[in-house]
$ cat upload-v7.cif   # mmCIF, C-alpha atoms
data_structure
loop_
_atom_site.label_atom_id
_atom_site.label_comp_id
_atom_site.auth_asym_id
_atom_site.auth_seq_id
_atom_site.Cartn_x
_atom_site.Cartn_y
_atom_site.Cartn_z
CA MET A 1 0.00 0.00 0.00
CA ARG A 2 1.22 3.50 -0.81
CA LEU A 3 0.61 6.00 1.98
CA ARG A 4 0.51 9.75 1.53
CA ILE A 5 2.14 11.64 4.40
CA ASP A 6 1.41 15.32 5.01
CA CYS A 7 3.95 16.73 7.42
CA ALA A 8 5.33 19.94 8.88
CA TYR A 9 8.64 20.84 10.45
CA ASP A 10 10.73 23.63 11.91
CA GLY A 11 13.87 23.57 9.80
CA ALA A 12 16.11 25.46 12.23
CA ASP A 13 17.98 22.44 13.55
CA PHE A 14 17.97 20.36 10.37
CA SER A 15 20.53 20.19 7.57
CA GLY A 16 17.65 20.29 5.10
CA TRP A 17 15.27 17.54 4.01
CA ALA A 18 17.60 15.11 2.19
CA ALA A 19 19.32 12.38 4.21
CA GLN A 20 23.05 12.99 4.66
CA PRO A 21 25.55 10.83 6.56
CA GLY A 22 26.37 12.28 9.96
CA ARG A 23 23.81 15.09 9.72
CA ARG A 24 20.38 15.58 11.25
CA THR A 25 17.88 15.79 8.40
CA VAL A 26 14.10 15.71 8.13
CA GLN A 27 14.14 12.70 5.83
CA GLY A 28 16.45 10.74 8.10
CA THR A 29 14.38 11.58 11.17
CA LEU A 30 11.05 10.68 9.55
CA GLU A 31 12.36 7.46 8.03
CA ALA A 32 13.81 6.35 11.37
CA ALA A 33 10.48 6.98 13.12
CA LEU A 34 8.56 5.08 10.43
CA ALA A 35 10.98 2.14 10.63
CA THR A 36 10.58 1.99 14.40
CA ALA A 37 6.78 2.15 14.21
CA LEU A 38 6.65 -0.53 11.49
CA ARG A 39 9.31 -2.69 13.19
CA VAL A 40 11.46 -2.93 10.06
CA PRO A 41 15.19 -2.21 9.56
CA GLU A 42 14.68 0.72 7.22
CA VAL A 43 12.09 2.71 5.29
CA ARG A 44 12.46 5.01 2.29
CA VAL A 45 10.16 7.96 1.67
CA THR A 46 9.76 10.07 -1.47
CA VAL A 47 9.13 13.79 -1.00
CA ALA A 48 7.44 16.47 -3.10
CA GLY A 49 10.27 18.96 -2.71
CA ARG A 50 13.60 18.78 -0.88
CA THR A 51 13.97 21.87 1.29
CA ASP A 52 17.37 23.40 2.05
CA ALA A 53 18.99 23.66 5.46
CA GLY A 54 17.05 25.97 7.77
CA VAL A 55 13.92 26.13 5.59
CA HIS A 56 10.61 25.32 7.29
CA ALA A 57 7.56 23.46 5.98
CA ARG A 58 3.90 23.64 6.86
CA GLY A 59 2.60 21.68 3.86
CA GLN A 60 5.25 19.14 2.87
CA VAL A 61 4.04 15.93 1.19
CA ALA A 62 5.76 12.56 0.99
CA HIS A 63 4.83 8.97 0.25
CA VAL A 64 5.97 5.60 1.54
CA ASP A 65 5.20 2.08 0.31
CA VAL A 66 4.26 -0.37 3.07
CA ALA A 67 3.26 -4.03 2.88
CA ASP A 68 -0.35 -4.53 3.96
CA ASP A 69 0.52 -7.06 6.66
CA LEU A 70 3.17 -4.76 8.18
CA LEU A 71 0.73 -1.86 8.24
CA ALA A 72 -1.95 -3.99 9.90
CA ALA A 73 0.50 -5.35 12.48
CA SER A 74 1.75 -1.86 13.35
CA ALA A 75 -1.76 -0.84 14.46
CA GLY A 76 -1.61 -3.28 17.38
CA ARG A 77 -4.80 -3.03 19.46
CA SER A 78 -5.79 0.36 18.11
CA GLN A 79 -9.36 0.65 16.85
CA ASP A 80 -8.33 3.38 14.39
CA PRO A 81 -7.82 2.62 10.71
CA PRO A 82 -4.26 1.26 10.27
CA ALA A 83 -2.88 4.38 8.56
CA GLN A 84 -4.25 6.65 11.30
CA ALA A 85 -2.88 4.34 13.98
CA LEU A 86 0.53 4.43 12.27
CA ALA A 87 0.43 8.23 12.10
CA ARG A 88 -0.20 8.38 15.86
CA ARG A 89 2.66 5.99 16.58
CA VAL A 90 5.05 7.88 14.34
CA ASP A 91 4.12 11.21 15.93
CA GLY A 92 4.84 9.71 19.33
CA ILE A 93 8.35 8.77 18.17
CA LEU A 94 9.22 11.95 16.27
CA PRO A 95 10.93 14.90 17.98
CA PRO A 96 8.73 17.97 18.52
CA ASP A 97 10.15 19.88 15.53
CA VAL A 98 8.60 17.39 13.06
CA ARG A 99 4.91 16.48 12.95
CA VAL A 100 2.85 14.15 10.79
CA ARG A 101 -0.33 16.09 10.13
CA ARG A 102 -2.14 13.42 8.10
CA MET A 103 -1.45 9.95 6.78
CA GLY A 104 -3.70 7.85 4.59
CA GLU A 105 -3.86 5.52 1.61
CA ALA A 106 -2.79 7.36 -1.53
CA PRO A 107 -4.98 7.31 -4.64
CA ASP A 108 -3.91 5.11 -7.54
CA GLY A 109 -1.07 6.66 -9.51
CA PHE A 110 -0.01 9.06 -6.74
CA ASP A 111 3.67 9.99 -6.53
CA ALA A 112 4.53 12.71 -4.03
CA ARG A 113 7.26 14.09 -6.28
CA PHE A 114 6.24 13.45 -9.86
CA SER A 115 2.47 13.87 -9.49
CA ALA A 116 2.90 17.37 -8.06
CA THR A 117 2.08 20.24 -10.41
CA TRP A 118 3.32 23.10 -8.23
CA ARG A 119 4.93 24.05 -4.92
CA ARG A 120 4.10 27.23 -3.02
CA TYR A 121 6.50 28.98 -0.62
CA ALA A 122 6.11 32.06 1.54
CA TYR A 123 8.94 34.35 2.63
CA ARG A 124 8.21 36.60 5.62
CA ILE A 125 9.98 39.86 6.44
CA ALA A 126 9.67 42.28 9.36
CA ASP A 127 10.75 45.58 7.82
CA ALA A 128 9.97 47.93 10.71
CA GLN A 129 11.13 48.07 14.32
CA GLU A 130 7.62 47.69 15.70
CA LEU A 131 7.19 44.43 13.76
CA ALA A 132 10.16 42.71 15.40
CA ASP A 133 8.87 39.80 17.52
CA PRO A 134 11.46 37.68 19.32
CA LEU A 135 8.90 34.86 19.70
CA VAL A 136 8.89 34.22 15.93
CA ARG A 137 12.39 35.42 15.08
CA GLY A 138 13.25 31.99 13.68
CA HIS A 139 10.55 32.24 11.01
CA LEU A 140 11.02 35.65 9.47
CA LEU A 141 13.77 37.95 8.25
CA THR A 142 14.28 41.16 10.18
CA TRP A 143 15.11 43.97 7.76
CA GLY A 144 16.18 47.43 8.88
CA ARG A 145 14.60 49.46 6.07
CA ARG A 146 10.99 49.83 5.00
CA LEU A 147 10.22 48.08 1.72
CA ASP A 148 8.17 49.46 -1.18
CA LEU A 149 5.86 46.57 -2.09
CA ASP A 150 4.45 48.32 -5.15
CA ALA A 151 7.95 48.49 -6.62
CA MET A 152 8.63 44.87 -5.69
CA ASN A 153 5.40 43.71 -7.35
CA GLU A 154 6.19 45.71 -10.47
CA ALA A 155 9.68 44.17 -10.60
CA SER A 156 8.28 40.67 -10.06
CA ALA A 157 5.81 40.66 -12.97
CA PRO A 158 8.37 40.21 -15.81
CA LEU A 159 9.82 37.14 -14.06
CA LEU A 160 6.63 35.08 -14.38
CA GLY A 161 6.23 32.26 -16.88
CA LEU A 162 8.54 29.68 -18.38
CA ARG A 163 12.03 31.10 -17.87
CA ASP A 164 15.64 30.12 -17.38
CA PHE A 165 16.42 30.97 -13.74
CA ALA A 166 20.17 30.33 -14.00
CA SER A 167 20.77 33.84 -12.61
CA PHE A 168 19.00 32.85 -9.38
CA CYS A 169 20.08 29.23 -8.92
CA LYS A 170 23.08 27.46 -7.52
CA GLN A 171 23.75 25.37 -10.58
CA ARG A 172 24.42 21.66 -10.46
CA GLU A 173 26.15 19.77 -13.25
CA GLY A 174 23.65 18.24 -15.65
CA ALA A 175 20.62 19.92 -13.99
CA THR A 176 18.34 22.34 -15.80
CA THR A 177 17.51 25.77 -14.40
CA VAL A 178 14.38 26.21 -16.54
CA ARG A 179 11.24 26.55 -14.43
CA THR A 180 7.70 27.88 -14.78
CA LEU A 181 7.10 30.62 -12.21
CA LEU A 182 3.34 30.83 -11.64
CA ASP A 183 3.08 33.46 -8.88
CA LEU A 184 5.44 35.99 -7.34
CA ASP A 185 3.73 38.71 -5.36
CA TRP A 186 4.12 40.78 -2.22
CA ARG A 187 1.62 41.95 0.38
CA ARG A 188 1.35 42.80 4.06
CA ASP A 189 -0.50 40.45 6.37
CA ASP A 190 -2.78 41.54 9.20
CA ALA A 191 0.22 42.07 11.49
CA GLY A 192 1.99 44.26 8.93
CA LEU A 193 4.65 41.72 8.00
CA VAL A 194 5.79 41.55 4.39
CA VAL A 195 4.83 38.20 2.86
CA GLY A 196 6.21 37.13 -0.50
CA THR A 197 4.29 34.30 -2.16
CA VAL A 198 6.25 32.25 -4.70
CA ARG A 199 4.65 29.40 -6.65
CA ALA A 200 6.26 27.36 -9.44
CA ASP A 201 6.16 23.93 -11.01
CA ALA A 202 9.49 23.26 -9.27
CA PHE A 203 12.44 25.16 -7.83
CA CYS A 204 16.19 24.85 -8.21
CA HIS A 205 18.70 25.23 -5.38
CA ASN A 206 18.58 28.69 -3.70
CA MET A 207 16.10 30.00 -6.30
CA VAL A 208 13.49 31.47 -3.95
CA ARG A 209 16.01 33.02 -1.58
CA ALA A 210 17.93 34.61 -4.47
CA LEU A 211 14.72 36.00 -5.99
CA VAL A 212 13.75 37.47 -2.63
CA GLY A 213 17.18 39.04 -2.16
CA CYS A 214 17.04 40.56 -5.64
CA LEU A 215 13.58 42.03 -5.07
CA ILE A 216 14.47 43.39 -1.62
CA ALA A 217 17.15 45.49 -3.36
CA VAL A 218 14.35 47.03 -5.45
CA GLY A 219 12.04 47.42 -2.45
CA GLU A 220 14.55 49.45 -0.48
CA GLY A 221 15.49 51.58 -3.49
CA ARG A 222 19.03 50.32 -4.11
CA GLN A 223 18.13 49.03 -7.56
CA PRO A 224 15.60 50.15 -10.20
CA VAL A 225 12.40 48.22 -10.92
CA GLY A 226 13.82 46.78 -14.14
CA TRP A 227 16.95 45.32 -12.51
CA PRO A 228 15.63 41.81 -11.67
CA ALA A 229 14.59 41.27 -15.31
CA GLU A 230 18.05 42.39 -16.42
CA VAL A 231 19.64 39.93 -13.99
CA MET A 232 17.49 37.12 -15.35
CA ALA A 233 18.40 37.99 -18.93
CA GLY A 234 22.09 37.57 -18.04
CA ARG A 235 21.53 33.84 -17.34
CA ARG A 236 24.37 33.67 -14.84
CA ARG A 237 24.75 34.37 -11.15
CA ASP A 238 25.01 38.10 -10.54
CA GLN A 239 27.29 39.13 -7.68
CA GLY A 240 24.83 41.88 -6.83
CA VAL A 241 22.11 39.37 -5.91
CA ARG A 242 22.06 38.57 -2.22
CA VAL A 243 20.75 35.13 -1.19
CA VAL A 244 18.73 35.90 1.94
CA HIS A 245 18.67 33.73 5.06
CA ALA A 246 16.78 30.43 4.98
CA HIS A 247 14.79 30.93 8.18
CA GLY A 248 12.32 33.34 6.58
CA LEU A 249 11.21 30.70 4.07
CA THR A 250 8.39 28.18 4.53
CA LEU A 251 7.00 25.55 2.14
CA GLU A 252 3.28 26.19 2.51
CA GLU A 253 1.55 23.86 0.05
CA VAL A 254 2.04 21.34 -2.74
CA GLY A 255 -0.53 21.14 -5.53
CA TYR A 256 -1.75 17.98 -7.23
CA PRO A 257 -4.23 17.32 -10.05
CA ASP A 258 -7.49 15.39 -9.64
CA ASP A 259 -7.05 11.73 -8.72
CA ASP A 260 -7.73 10.49 -12.25
CA GLU A 261 -4.85 12.67 -13.55
CA LEU A 262 -2.21 11.68 -10.97
CA ALA A 263 -0.64 8.85 -12.94
CA ALA A 264 -0.54 10.79 -16.21
CA GLN A 265 1.06 13.80 -14.49
CA ALA A 266 3.66 11.55 -12.86
CA GLU A 267 4.48 9.94 -16.20
CA ARG A 268 4.92 13.32 -17.90
CA ALA A 269 7.09 14.70 -15.10
CA ARG A 270 9.22 11.55 -14.93
CA ALA A 271 9.75 11.63 -18.70
CA ARG A 272 10.91 15.26 -18.51
CA ARG A 273 13.32 14.42 -15.70
CA GLU A 274 14.74 11.44 -17.60
CA ALA A 275 15.24 13.62 -20.68
CA ILE A 276 17.07 16.21 -18.58
CA ASP A 277 19.30 13.60 -16.96
CA ALA A 278 20.09 11.82 -20.24
#

$ encode --input "upload-v7.cif" --output "structure tokens"
Amino acid sequence: MRLRIDCAYDGADFSGWAAQPGRRTVQGTLEAALATALRVPEVRVTVAGRTDAGVHARGQVAHVDVADDLLAASAGRSQDPPAQALARRVDGILPPDVRVRRMGEAPDGFDARFSATWRRYAYRIADAQELADPLVRGHLLTWGRRLDLDAMNEASAPLLGLRDFASFCKQREGATTVRTLLDLDWRRDDAGLVVGTVRADAFCHNMVRALVGCLIAVGEGRQPVGWPAEVMAGRRRDQGVRVVHAHGLTLEEVGYPDDDELAAQAERARARREAIDA
């Protein structure tokens, strides 16, 4: 049985999502808890999007394949459905900075990574002294100058669509930097914090944080509104682009098509990835 896992975590004390020898990671922590709950030597999970070190998640999605008999046995005497009983057991094993929010049987054709059509992140900034809150300092960037959101939104508009984001990505050999940016906008929430919403089909390494750093330069008046588009057109990392701190960034949601489209979407995405890697 394939189980869909919806989870959340505070990324402050993790070296990112992906398992790494000798480092505390979200993947390693979740897999260890699942293995303990299922009474097996090891478990492998597949995730919608691997977050970098220090990045948080409220709406991360993963899947794990579990034999039916193991899942049933893991429920013990619980009267809950086996997947719910497993979720409770796993949450009891996990440290408090990782939580399983939901776990259940995945629809046919579901793949947490390849069935996803988009990922949405939020970057939060306190750009005034009165907005500084030490209770949430680990989840937002404190910025010493007021930002012009109108200018930032104007600068963001030309970046939307299918583009090569090489100027904003830490490039990896053999990996493409072409992405479809669906949303990039700025607003103030009810508390007055600046919230940047960034949604794309996928993201490359450091992409969101570099985009935010570039647009902050416009918001505080150091660069003109047209500068981010000029940086993108250069198709190489610009030394003037600052990659902002990870702790202001949160993965909020992962989007999937209707159940009857999951398998087709996964096949298309997997074919694109194989073509890129070839």

$ residues_around --input "upload-v7.cif" --residues "A:Phe203" --least-positions-apart "3" --cutoff "7 Å" --atoms "all atoms listed in the file" --output "count of residues only"
3

$ closest_residue --input "upload-v7.cif" --among "A:Tyr121, A:Ser78, A:Leu135, A:Cys169" --to "A:Leu182" --atoms "all atoms listed in the file"
A:Tyr121

$ resolve_selection --input "upload-v7.cif" --expression "the PyMOL selection byres ((chain A and resi 26) around 10)" --output "list in words"
Ala8, Tyr9, Asp10, Gly11, Asp13, Phe14, Ser15, Gly16, Trp17, Ala18, Ala19, Gln20, Arg23, Arg24, Thr25, Gln27, Gly28, Thr29, Leu30, Glu31, Ala32, Arg50, Thr51, Ala53, Asp97 and Val98 of chain A

$ closest_atom_pairs --input "upload-v7.cif" --of "stretch 116-164 of chain A" --to "stretch 247-266 of chain A" --cutoff "6 Å" --atoms "all atoms listed in the file" --output "Markdown table"
| residue | atom | partner | partner_atom | distance |
| --- | --- | --- | --- | --- |
| A:Ala116 | CA | A:Tyr256 | CA | 4.8 |
| A:Thr117 | CA | A:Tyr256 | CA | 5.5 |
| A:Trp118 | CA | A:Gly255 | CA | 5.1 |
| A:Arg119 | CA | A:Val254 | CA | 4.5 |
| A:Arg120 | CA | A:Glu253 | CA | 5.2 |
| A:Tyr121 | CA | A:Leu251 | CA | 4.4 |
| A:Ala122 | CA | A:Thr250 | CA | 5.4 |
| A:Tyr123 | CA | A:Leu249 | CA | 4.5 |
| A:Arg124 | CA | A:Gly248 | CA | 5.3 |
| A:Gly138 | CA | A:His247 | CA | 5.8 |
| A:His139 | CA | A:Gly248 | CA | 4.9 |
| A:Leu140 | CA | A:Gly248 | CA | 3.9 |
| A:Leu141 | CA | A:Gly248 | CA | 5.1 |

$ residues_around --input "upload-v7.cif" --residues "stretch 220-226 of chain A" --least-positions-apart "5" --cutoff "8 Å" --atoms "all atoms listed in the file" --output "count of residues only"
8

$ atom_distance --input "upload-v7.cif" --atom1 "atom CA of A:Asp65" --atom2 "atom CA of A:Gly22"
25.4 Å

$ residues_around --input "upload-v7.cif" --residues "A:Asp68" --least-positions-apart "3" --cutoff "7 Å" --atoms "all atoms listed in the file" --output "list in words"
Met1, Leu71 and Ala72 of chain A

$ residues_near_point --input "upload-v7.cif" --point "(4.5, 9.0, -11.6)" --cutoff "7 Å" --atoms "all atoms listed in the file" --output "PyMOL selection string"
chain A and resi 109-111+114-115+263+265-267+270

$ residues_near_point --input "upload-v7.cif" --point "(17.6, 40.3, -15.3)" --cutoff "12 Å" --atoms "only C-alpha atoms" --output "PyMOL selection string"
chain A and resi 155-156+158-159+163-168+211+214-215+223-238+240-241

$ atom_distance --input "upload-v7.cif" --atom1 "atom CA of A:Leu34" --atom2 "atom CA of A:Pro107"
20.4 Å

$ axis_aligned_box --input "upload-v7.cif" --around "stretch 87-99 of chain A" --padding-each-side "6 Å" --output "lines of an AutoDock Vina configuration file"
center_x = 5.4
center_y = 12.9
center_z = 15.7
size_x = 23.1
size_y = 25.9
size_z = 19.2

$ closest_residue --input "upload-v7.cif" --among "A:Arg113, A:Glu42, A:Val55, A:Ile93" --to "A:Arg268" --atoms "all atoms listed in the file"
A:Arg113

$ residues_around --input "upload-v7.cif" --residues "stretch 43-47 of chain A" --least-positions-apart "3" --cutoff "6 Å" --atoms "all atoms listed in the file" --output "list in words"
Glu31, Ala35, Val61, Ala62, His63, Val64, Ala112 and Arg113 of chain A

$ atom_distance --input "upload-v7.cif" --atom1 "atom CA of A:Ala210" --atom2 "atom CA of A:Val198"
11.9 Å

$ residues_around --input "upload-v7.cif" --residues "A:Arg188" --least-positions-apart "5" --cutoff "10 Å" --atoms "all atoms listed in the file" --output "list in words"
Arg124, Ile125, Ala126, Leu149, Leu193, Val194, Val195 and Gly196 of chain A

$ closest_residue --input "upload-v7.cif" --among "A:Asp150, A:Asp133, A:Asp189, A:Asp6" --to "A:Arg101" --atoms "all atoms listed in the file"
A:Asp6

$ closest_residue --input "upload-v7.cif" --among "A:Gly144, A:Lys170, A:Ala57, A:Pro21" --to "A:Ala132" --atoms "only C-alpha atoms"
A:Gly144

$ closest_residue --input "upload-v7.cif" --among "A:Arg172, A:Arg89, A:Arg272, A:Arg77" --to "A:Cys204" --atoms "all atoms listed in the file"
A:Arg172
